[in-house]
$ cat entry_21.txt   # compact mmCIF, C-alpha atoms (C1' of nucleotides)
# COMPACT_ATOMS: atom_id res chain seq x y z
CA MET A 1 109.32 92.55 116.03
CA ALA A 2 106.71 93.23 118.66
CA LEU A 3 105.22 96.13 116.71
CA ALA A 4 104.65 94.15 113.54
CA ASP A 5 101.02 93.38 114.37
CA PRO A 6 98.61 96.22 113.57
CA THR A 7 96.47 95.58 116.63
CA ARG A 8 99.58 95.81 118.78
CA ARG A 9 100.56 99.06 117.11
CA ALA A 10 97.05 100.39 117.80
CA ILE A 11 97.42 99.46 121.47
CA PHE A 12 100.83 101.08 121.55
CA GLU A 13 99.53 104.29 120.00
CA LYS A 14 96.58 104.29 122.36
CA LEU A 15 98.97 104.08 125.29
CA ALA A 16 101.06 106.82 123.72
CA THR A 17 98.23 109.23 124.51
CA GLY A 18 98.46 108.29 128.19
CA GLY A 19 98.23 105.33 130.53
CA SER A 20 95.11 103.19 130.32
CA SER A 21 93.56 100.22 132.03
CA VAL A 22 93.16 96.95 130.12
CA ALA A 23 89.40 97.37 129.89
CA ASP A 24 89.87 100.91 128.61
CA VAL A 25 92.13 99.70 125.82
CA ALA A 26 89.73 96.85 125.06
CA ARG A 27 86.85 99.30 124.72
CA SER A 28 88.77 101.32 122.14
CA LEU A 29 89.45 98.33 119.91
CA PRO A 30 87.22 95.68 118.32
CA VAL A 31 88.85 92.78 120.16
CA SER A 32 88.13 91.01 123.42
CA GLN A 33 89.80 91.72 126.75
CA PRO A 34 91.89 88.53 126.80
CA ALA A 35 93.27 89.43 123.38
CA ILE A 36 94.36 92.80 124.78
CA SER A 37 95.99 91.12 127.76
CA GLN A 38 97.91 88.81 125.47
CA HIS A 39 99.13 91.69 123.33
CA LEU A 40 100.12 93.67 126.42
CA LYS A 41 102.09 90.68 127.62
CA VAL A 42 104.08 90.65 124.38
CA LEU A 43 104.66 94.39 124.52
CA LYS A 44 105.75 94.14 128.13
CA GLU A 45 108.18 91.33 127.39
CA ALA A 46 109.59 93.49 124.61
CA GLY A 47 110.20 96.24 127.16
CA LEU A 48 107.94 98.67 125.31
CA VAL A 49 105.28 98.86 127.99
CA ARG A 50 105.11 98.88 131.76
CA ASP A 51 102.21 98.18 134.10
CA GLU A 52 101.35 99.35 137.55
CA PRO A 53 98.49 98.13 139.77
CA GLU A 54 96.02 100.81 140.73
CA GLY A 55 93.28 99.48 142.95
CA ARG A 56 91.81 96.47 141.22
CA ARG A 57 92.73 97.86 137.83
CA ARG A 58 96.11 97.74 136.18
CA ILE A 59 97.41 100.80 134.37
CA TYR A 60 99.55 100.19 131.31
CA SER A 61 101.73 102.89 129.83
CA ILE A 62 104.64 103.30 127.44
CA ASP A 63 107.91 102.33 129.04
CA PRO A 64 110.32 105.21 128.29
CA ALA A 65 113.23 102.89 129.06
CA GLY A 66 112.23 100.87 126.01
CA LEU A 67 112.18 103.87 123.69
CA GLY A 68 115.98 104.14 123.66
CA PRO A 69 116.62 100.62 122.34
CA LEU A 70 113.71 101.02 119.90
CA ARG A 71 115.22 104.25 118.67
CA GLN A 72 118.60 102.60 118.28
CA TRP A 73 117.00 99.74 116.42
CA LEU A 74 115.26 102.12 114.03
CA ASP A 75 118.42 104.15 113.56
CA ARG A 76 120.49 101.08 112.79
CA PHE A 77 117.79 99.99 110.41
CA TRP A 78 117.75 103.34 108.70
CA GLU A 79 121.53 103.43 108.39
CA GLY A 80 121.11 100.32 106.31
CA GLN A 81 118.79 102.26 104.03
CA LEU A 82 121.26 105.11 103.68
CA ALA A 83 123.97 102.64 102.78
CA ALA A 84 121.61 101.24 100.19
CA PHE A 85 120.97 104.67 98.80
CA LYS A 86 124.69 105.33 98.61
CA ALA A 87 125.18 102.04 96.82
CA PHE A 88 122.52 103.18 94.39
CA ALA A 89 124.08 106.62 94.00
CA ASP A 90 127.36 104.99 93.05
CA SER A 91 125.73 102.64 90.58
CA ASP A 92 125.08 103.02 86.89
CA ALA A 93 121.35 103.22 87.50
CA ALA A 94 121.85 106.51 89.31
CA ALA A 95 123.68 107.93 86.35
CA ALA A 96 120.95 106.73 84.03
CA ALA A 97 118.14 108.19 86.14
CA GLY A 98 120.03 111.36 86.83
CA PRO A 99 121.70 112.12 90.15
CA ALA A 100 119.09 112.87 92.80
CA LYS A 101 121.75 114.06 95.20
CA PRO A 102 125.29 115.29 94.60
CA GLU A 103 128.19 113.20 95.84
CA PRO A 104 129.25 114.33 99.35
CA MET B 1 104.51 95.94 106.86
CA ALA B 2 106.58 94.32 104.17
CA LEU B 3 109.71 94.34 106.34
CA ALA B 4 108.12 92.47 109.23
CA ASP B 5 109.40 89.10 108.08
CA PRO B 6 113.02 88.40 109.07
CA THR B 7 113.81 86.61 105.81
CA ARG B 8 112.51 89.60 103.88
CA ARG B 9 114.65 91.92 105.99
CA ALA B 10 117.66 89.70 105.24
CA ILE B 11 116.92 89.96 101.53
CA PHE B 12 116.52 93.70 101.84
CA GLU B 13 119.81 94.06 103.67
CA LYS B 14 121.51 91.82 101.14
CA LEU B 15 120.28 94.09 98.36
CA ALA B 16 121.42 97.10 100.37
CA THR B 17 124.98 96.01 99.68
CA GLY B 18 124.32 96.12 95.96
CA GLY B 19 122.07 94.70 93.26
CA SER B 20 121.87 90.93 93.02
CA SER B 21 120.29 88.28 90.89
CA VAL B 22 117.61 86.04 92.36
CA ALA B 23 119.91 83.04 92.42
CA ASP B 24 122.58 85.11 94.12
CA VAL B 25 120.20 86.09 96.90
CA ALA B 26 118.97 82.49 97.17
CA ARG B 27 122.53 81.26 97.60
CA SER B 28 123.06 83.62 100.54
CA LEU B 29 120.02 82.41 102.45
CA PRO B 30 118.80 78.97 103.59
CA VAL B 31 115.61 79.08 101.54
CA SER B 32 114.70 77.92 98.06
CA GLN B 33 114.70 80.08 94.96
CA PRO B 34 110.89 80.25 94.63
CA ALA B 35 110.69 81.50 98.21
CA ILE B 36 113.08 84.30 97.29
CA SER B 37 111.02 85.17 94.24
CA GLN B 38 107.89 85.36 96.37
CA HIS B 39 109.56 87.64 98.88
CA LEU B 40 110.93 89.84 96.13
CA LYS B 41 107.43 90.12 94.70
CA VAL B 42 106.14 91.43 98.04
CA LEU B 43 109.03 93.86 98.38
CA LYS B 44 108.49 95.06 94.83
CA GLU B 45 104.77 95.62 95.39
CA ALA B 46 105.70 97.60 98.50
CA GLY B 47 107.88 99.81 96.33
CA LEU B 48 111.00 98.95 98.29
CA VAL B 49 112.73 97.08 95.50
CA ARG B 50 113.08 97.36 91.76
CA ASP B 51 114.12 94.81 89.17
CA GLU B 52 115.78 95.05 85.83
CA PRO B 53 116.38 92.28 83.32
CA GLU B 54 120.01 91.71 82.49
CA GLY B 55 120.46 88.96 79.97
CA ARG B 56 118.66 85.92 81.26
CA ARG B 57 119.11 87.04 84.83
CA ARG B 58 117.11 89.64 86.67
CA ILE B 59 118.90 92.12 88.89
CA TYR B 60 117.06 93.26 91.99
CA SER B 61 118.12 96.34 93.92
CA ILE B 62 116.81 98.75 96.51
CA ASP B 63 114.38 101.23 95.00
CA PRO B 64 115.53 104.65 96.17
CA ALA B 65 112.08 106.03 95.38
CA GLY B 66 110.72 103.80 98.11
CA LEU B 67 113.14 105.08 100.72
CA GLY B 68 111.35 108.43 101.04
CA PRO B 69 107.96 106.99 102.01
CA LEU B 70 109.69 104.47 104.27
CA ARG B 71 111.58 107.28 105.95
CA GLN B 72 108.33 109.25 106.38
CA TRP B 73 106.65 106.19 107.82
CA LEU B 74 109.44 105.68 110.31
CA ASP B 75 109.47 109.37 111.21
CA ARG B 76 105.73 109.46 111.78
CA PHE B 77 106.08 106.33 113.84
CA TRP B 78 108.85 107.84 115.89
CA GLU B 79 106.90 111.04 116.42
CA GLY B 80 104.36 108.87 118.15
CA GLN B 81 107.11 107.66 120.45
CA LEU B 82 108.19 111.21 121.23
CA ALA B 83 104.61 112.12 122.04
CA ALA B 84 104.53 109.12 124.33
CA PHE B 85 107.71 110.23 125.99
CA LYS B 86 106.30 113.70 126.47
CA ALA B 87 103.17 112.21 128.00
CA PHE B 88 105.43 110.30 130.32
CA ALA B 89 107.52 113.37 131.14
CA ASP B 90 104.35 115.18 132.17
CA SER B 91 103.13 112.29 134.29
CA ASP B 92 103.64 111.51 137.97
CA ALA B 93 105.81 108.53 137.09
CA ALA B 94 108.40 110.90 135.66
CA ALA B 95 108.53 112.85 138.91
CA ALA B 96 108.91 109.61 140.87
CA ALA B 97 111.69 108.27 138.66
CA GLY B 98 113.41 111.61 138.42
CA PRO B 99 113.31 113.78 135.28
CA ALA B 100 115.44 112.23 132.56
CA LYS B 101 115.16 115.34 130.44
CA PRO B 102 114.26 118.92 131.33
CA GLU B 103 111.05 120.39 130.00
CA PRO B 104 111.62 122.25 126.73
C1' DG C 1 81.96 86.08 155.06
C1' DC C 2 79.76 86.92 149.85
C1' DT C 3 79.29 89.47 145.52
C1' DT C 4 81.12 92.36 141.85
C1' DA C 5 84.72 94.29 138.90
C1' DT C 6 88.97 93.73 136.64
C1' DA C 7 92.59 91.26 134.61
C1' DA C 8 95.32 87.03 133.66
C1' DT C 9 95.46 82.28 132.13
C1' DA C 10 93.77 77.82 129.67
C1' DA C 11 92.35 75.62 125.81
C1' DG C 12 91.01 75.46 121.43
C1' DT C 13 89.75 77.37 116.58
C1' DC C 14 91.04 79.41 112.45
C1' DA C 15 93.27 82.37 109.01
C1' DT C 16 97.47 83.93 107.34
C1' DG C 17 101.62 83.36 105.24
C1' DA C 18 106.21 81.28 104.72
C1' DC C 19 107.88 77.44 102.77
C1' DT C 20 108.25 73.30 99.80
C1' DT C 21 108.30 70.57 95.11
C1' DA C 22 106.83 70.59 90.43
C1' DT C 23 106.15 72.93 86.37
C1' DG C 24 106.08 76.60 82.90
C1' DA C 25 108.18 80.57 80.38
C1' DA C 26 111.86 83.14 78.31
C1' DG C 27 116.60 84.36 77.13
C1' DG C 28 121.32 82.98 75.56
C1' DC C 29 124.24 79.58 73.14
C1' DA C 30 125.69 75.17 70.68
C1' DT D 1 116.24 73.78 66.49
C1' DG D 2 117.42 71.91 70.88
C1' DC D 3 119.65 72.53 75.37
C1' DC D 4 120.67 74.91 79.50
C1' DT D 5 120.16 78.53 82.69
C1' DT D 6 117.41 81.60 85.22
C1' DC D 7 113.35 83.09 87.16
C1' DA D 8 108.23 83.10 87.99
C1' DT D 9 104.03 80.75 88.95
C1' DA D 10 100.97 76.76 90.66
C1' DA D 11 99.55 73.97 94.14
C1' DG D 12 99.79 72.23 98.39
C1' DT D 13 101.74 71.59 103.32
C1' DC D 14 102.53 73.24 107.74
C1' DA D 15 103.69 76.30 111.63
C1' DT D 16 102.71 80.48 113.70
C1' DG D 17 99.96 83.49 116.03
C1' DA D 18 95.79 86.27 116.59
C1' DC D 19 91.54 85.53 118.25
C1' DT D 20 87.63 83.38 120.73
C1' DT D 21 85.00 81.47 125.08
C1' DA D 22 85.48 79.63 129.60
C1' DT D 23 87.66 79.73 133.81
C1' DT D 24 90.56 81.35 137.66
C1' DA D 25 92.74 84.88 140.75
C1' DT D 26 92.89 89.26 143.16
C1' DA D 27 91.03 93.58 145.01
C1' DA D 28 87.11 96.45 146.57
C1' DG D 29 82.50 97.05 148.54
C1' DC D 30 78.21 95.16 150.77
$ encode --input "entry_21.txt" --output "structure tokens"
Amino acid sequence: MALADPTRRAIFEKLATGGSSVADVARSLPVSQPAISQHLKVLKEAGLVRDEPEGRRRIYSIDPAGLGPLRQWLDRFWEGQLAAFKAFADSDAAAAAGPAKPEP
Amino acid sequence: MALADPTRRAIFEKLATGGSSVADVARSLPVSQPAISQHLKVLKEAGLVRDEPEGRRRIYSIDPAGLGPLRQWLDRFWEGQLAAFKAFADSDAAAAAGPAKPEP
DNA sequence: GCTTATAATAAGTCATGACTTATGAAGGCA
DNA sequence: TGCCTTCATAAGTCATGACTTATTATAAGC
């Protein structure tokens, strides 16, 4: 998971507010510029980020094409949780704790 | 993030199909029993899993009380993505690529 | 041409954490 | 009580990866 690292999530959220140059991202975080470049490389390979040269700078921004697969991934993940909840609802523990939700 | 590790996700998904003993989980994965116990400890501290003694075994299962916060976390996270998408929709790149979604 | 700004790569350090084997603790059963 | 099963903890190994400094490449301005 490319978004497991907190620094990478911070970079991602920073870019969520709009495209930024590498130096701009580096200034907003307590890490060096090469570290930012390395993180951006990972994010780019994961399809979550795109870059575009602008003069001698390079503007990074969220890649909207990557949001779809990410969304699907999260949805699939969450379906697992719902299945788990259903398994719980059908279990004895649910009866003991009191039903939090009526059976559909 | 307690679910960053793939082994821990496998354990979580295993428990999503129903409560299991530690040995049962260990049999379903190519890691030793102590490793499973250590992972379960992390998941338990994260509030994602609960345990209950049953005889000399210990049954672990998804903690439904932890699903709410997890859901909120995912939702907040995804809101960030939507904001990013909106930022993209308002940008020049969106105009160049063609609007994927009309402005609300 | 040369210098400066910006970003990527190289190379290496270091902490984190996932895993192992060995051992201890506690419950069920003869 | 002693034995066996089940799980947790201790202690240590080892790989991964996040970070650093140093260097290289490309674009802009003199």
$ closest_atom_pairs --input "entry_21.txt" --of "chain C" --to "chain A" --cutoff "8 Å" --atoms "only C-alpha atoms (C1' of nucleotides)" --output "tab-separated table"
residue	atom	partner	partner_atom	distance
C:DA5	C1'	A:Arg56	CA	7.8
C:DT6	C1'	A:Arg57	CA	5.7
C:DA7	C1'	A:Val22	CA	7.3
C:DA8	C1'	A:Ser37	CA	7.2
$ interface_residues --input "entry_21.txt" --of "chain D" --to "chain B" --cutoff "12 Å" --atoms "only C-alpha atoms (C1' of nucleotides)" --output "PyMOL selection string"
chain D and resi 4-10
$ closest_residue --input "entry_21.txt" --among "A:Ala35, A:Leu40, A:Ala26, A:Ala16" --to "chain B" --atoms "all atoms listed in the file"
A:Ala16
$ atom_distance --input "entry_21.txt" --atom1 "CA of Ser61 (chain A)" --atom2 "CA of Leu15 (chain A)"
5.4 Å
$ closest_residue --input "entry_21.txt" --among "A:Gly18, A:Pro53, A:Trp73, A:Thr7" --to "chain B" --atoms "only C-alpha atoms"
A:Gly18
$ atom_distance --input "entry_21.txt" --atom1 "CA of Arg71 (chain B)" --atom2 "CA of Leu48 (chain B)"
11.3 Å
$ residues_around --input "entry_21.txt" --residues "DG12 (chain D)" --least-positions-apart "4" --cutoff "12 Å" --atoms "all atoms listed in the file" --output "list in words"
DC19, DT20, DT21 and DA22 of chain C
$ build_atoms --input "entry_21.txt" --residues "region 19-34 of chain B" --atoms "N, CA and C atoms" --output "PDB file, in the coordinates of the input"
ATOM      1  N   GLY B  19     123.022  95.498  94.011  1.00  0.00           N
ATOM      2  CA  GLY B  19     122.070  94.700  93.260  1.00  0.00           C
ATOM      3  C   GLY B  19     122.524  93.258  93.140  1.00  0.00           C
ATOM      4  N   SER B  20     121.553  92.355  93.123  1.00  0.00           N
ATOM      5  CA  SER B  20     121.870  90.930  93.020  1.00  0.00           C
ATOM      6  C   SER B  20     120.830  90.231  92.175  1.00  0.00           C
ATOM      7  N   SER B  21     121.248  89.126  91.584  1.00  0.00           N
ATOM      8  CA  SER B  21     120.290  88.280  90.890  1.00  0.00           C
ATOM      9  C   SER B  21     119.530  87.447  91.911  1.00  0.00           C
ATOM     10  N   VAL B  22     118.427  86.853  91.463  1.00  0.00           N
ATOM     11  CA  VAL B  22     117.610  86.040  92.360  1.00  0.00           C
ATOM     12  C   VAL B  22     118.408  84.863  92.888  1.00  0.00           C
ATOM     13  N   ALA B  23     119.127  84.199  91.997  1.00  0.00           N
ATOM     14  CA  ALA B  23     119.910  83.040  92.420  1.00  0.00           C
ATOM     15  C   ALA B  23     120.989  83.450  93.406  1.00  0.00           C
ATOM     16  N   ASP B  24     121.534  84.626  93.219  1.00  0.00           N
ATOM     17  CA  ASP B  24     122.580  85.110  94.120  1.00  0.00           C
ATOM     18  C   ASP B  24     122.017  85.305  95.536  1.00  0.00           C
ATOM     19  N   VAL B  25     120.842  85.909  95.604  1.00  0.00           N
ATOM     20  CA  VAL B  25     120.200  86.090  96.900  1.00  0.00           C
ATOM     21  C   VAL B  25     119.874  84.724  97.513  1.00  0.00           C
ATOM     22  N   ALA B  26     119.368  83.817  96.678  1.00  0.00           N
ATOM     23  CA  ALA B  26     118.970  82.490  97.170  1.00  0.00           C
ATOM     24  C   ALA B  26     120.172  81.738  97.734  1.00  0.00           C
ATOM     25  N   ARG B  27     121.336  81.943  97.114  1.00  0.00           N
ATOM     26  CA  ARG B  27     122.530  81.260  97.600  1.00  0.00           C
ATOM     27  C   ARG B  27     122.951  81.778  98.973  1.00  0.00           C
ATOM     28  N   SER B  28     122.615  83.025  99.281  1.00  0.00           N
ATOM     29  CA  SER B  28     123.060  83.620 100.540  1.00  0.00           C
ATOM     30  C   SER B  28     122.089  83.353 101.686  1.00  0.00           C
ATOM     31  N   LEU B  29     120.997  82.665 101.403  1.00  0.00           N
ATOM     32  CA  LEU B  29     120.020  82.410 102.450  1.00  0.00           C
ATOM     33  C   LEU B  29     119.571  80.954 102.397  1.00  0.00           C
ATOM     34  N   PRO B  30     119.171  80.399 103.545  1.00  0.00           N
ATOM     35  CA  PRO B  30     118.800  78.970 103.590  1.00  0.00           C
ATOM     36  C   PRO B  30     117.370  78.716 103.168  1.00  0.00           C
ATOM     37  N   VAL B  31     116.951  79.330 102.076  1.00  0.00           N
ATOM     38  CA  VAL B  31     115.610  79.080 101.540  1.00  0.00           C
ATOM     39  C   VAL B  31     115.724  78.843 100.044  1.00  0.00           C
ATOM     40  N   SER B  32     114.677  78.288  99.472  1.00  0.00           N
ATOM     41  CA  SER B  32     114.700  77.920  98.060  1.00  0.00           C
ATOM     42  C   SER B  32     114.551  79.155  97.174  1.00  0.00           C
ATOM     43  N   GLN B  33     114.800  78.967  95.904  1.00  0.00           N
ATOM     44  CA  GLN B  33     114.700  80.080  94.960  1.00  0.00           C
ATOM     45  C   GLN B  33     113.271  80.587  94.814  1.00  0.00           C
ATOM     46  N   PRO B  34     112.259  79.708  94.725  1.00  0.00           N
ATOM     47  CA  PRO B  34     110.890  80.250  94.630  1.00  0.00           C
ATOM     48  C   PRO B  34     110.518  81.099  95.836  1.00  0.00           C
TER      49      PRO B  34
END
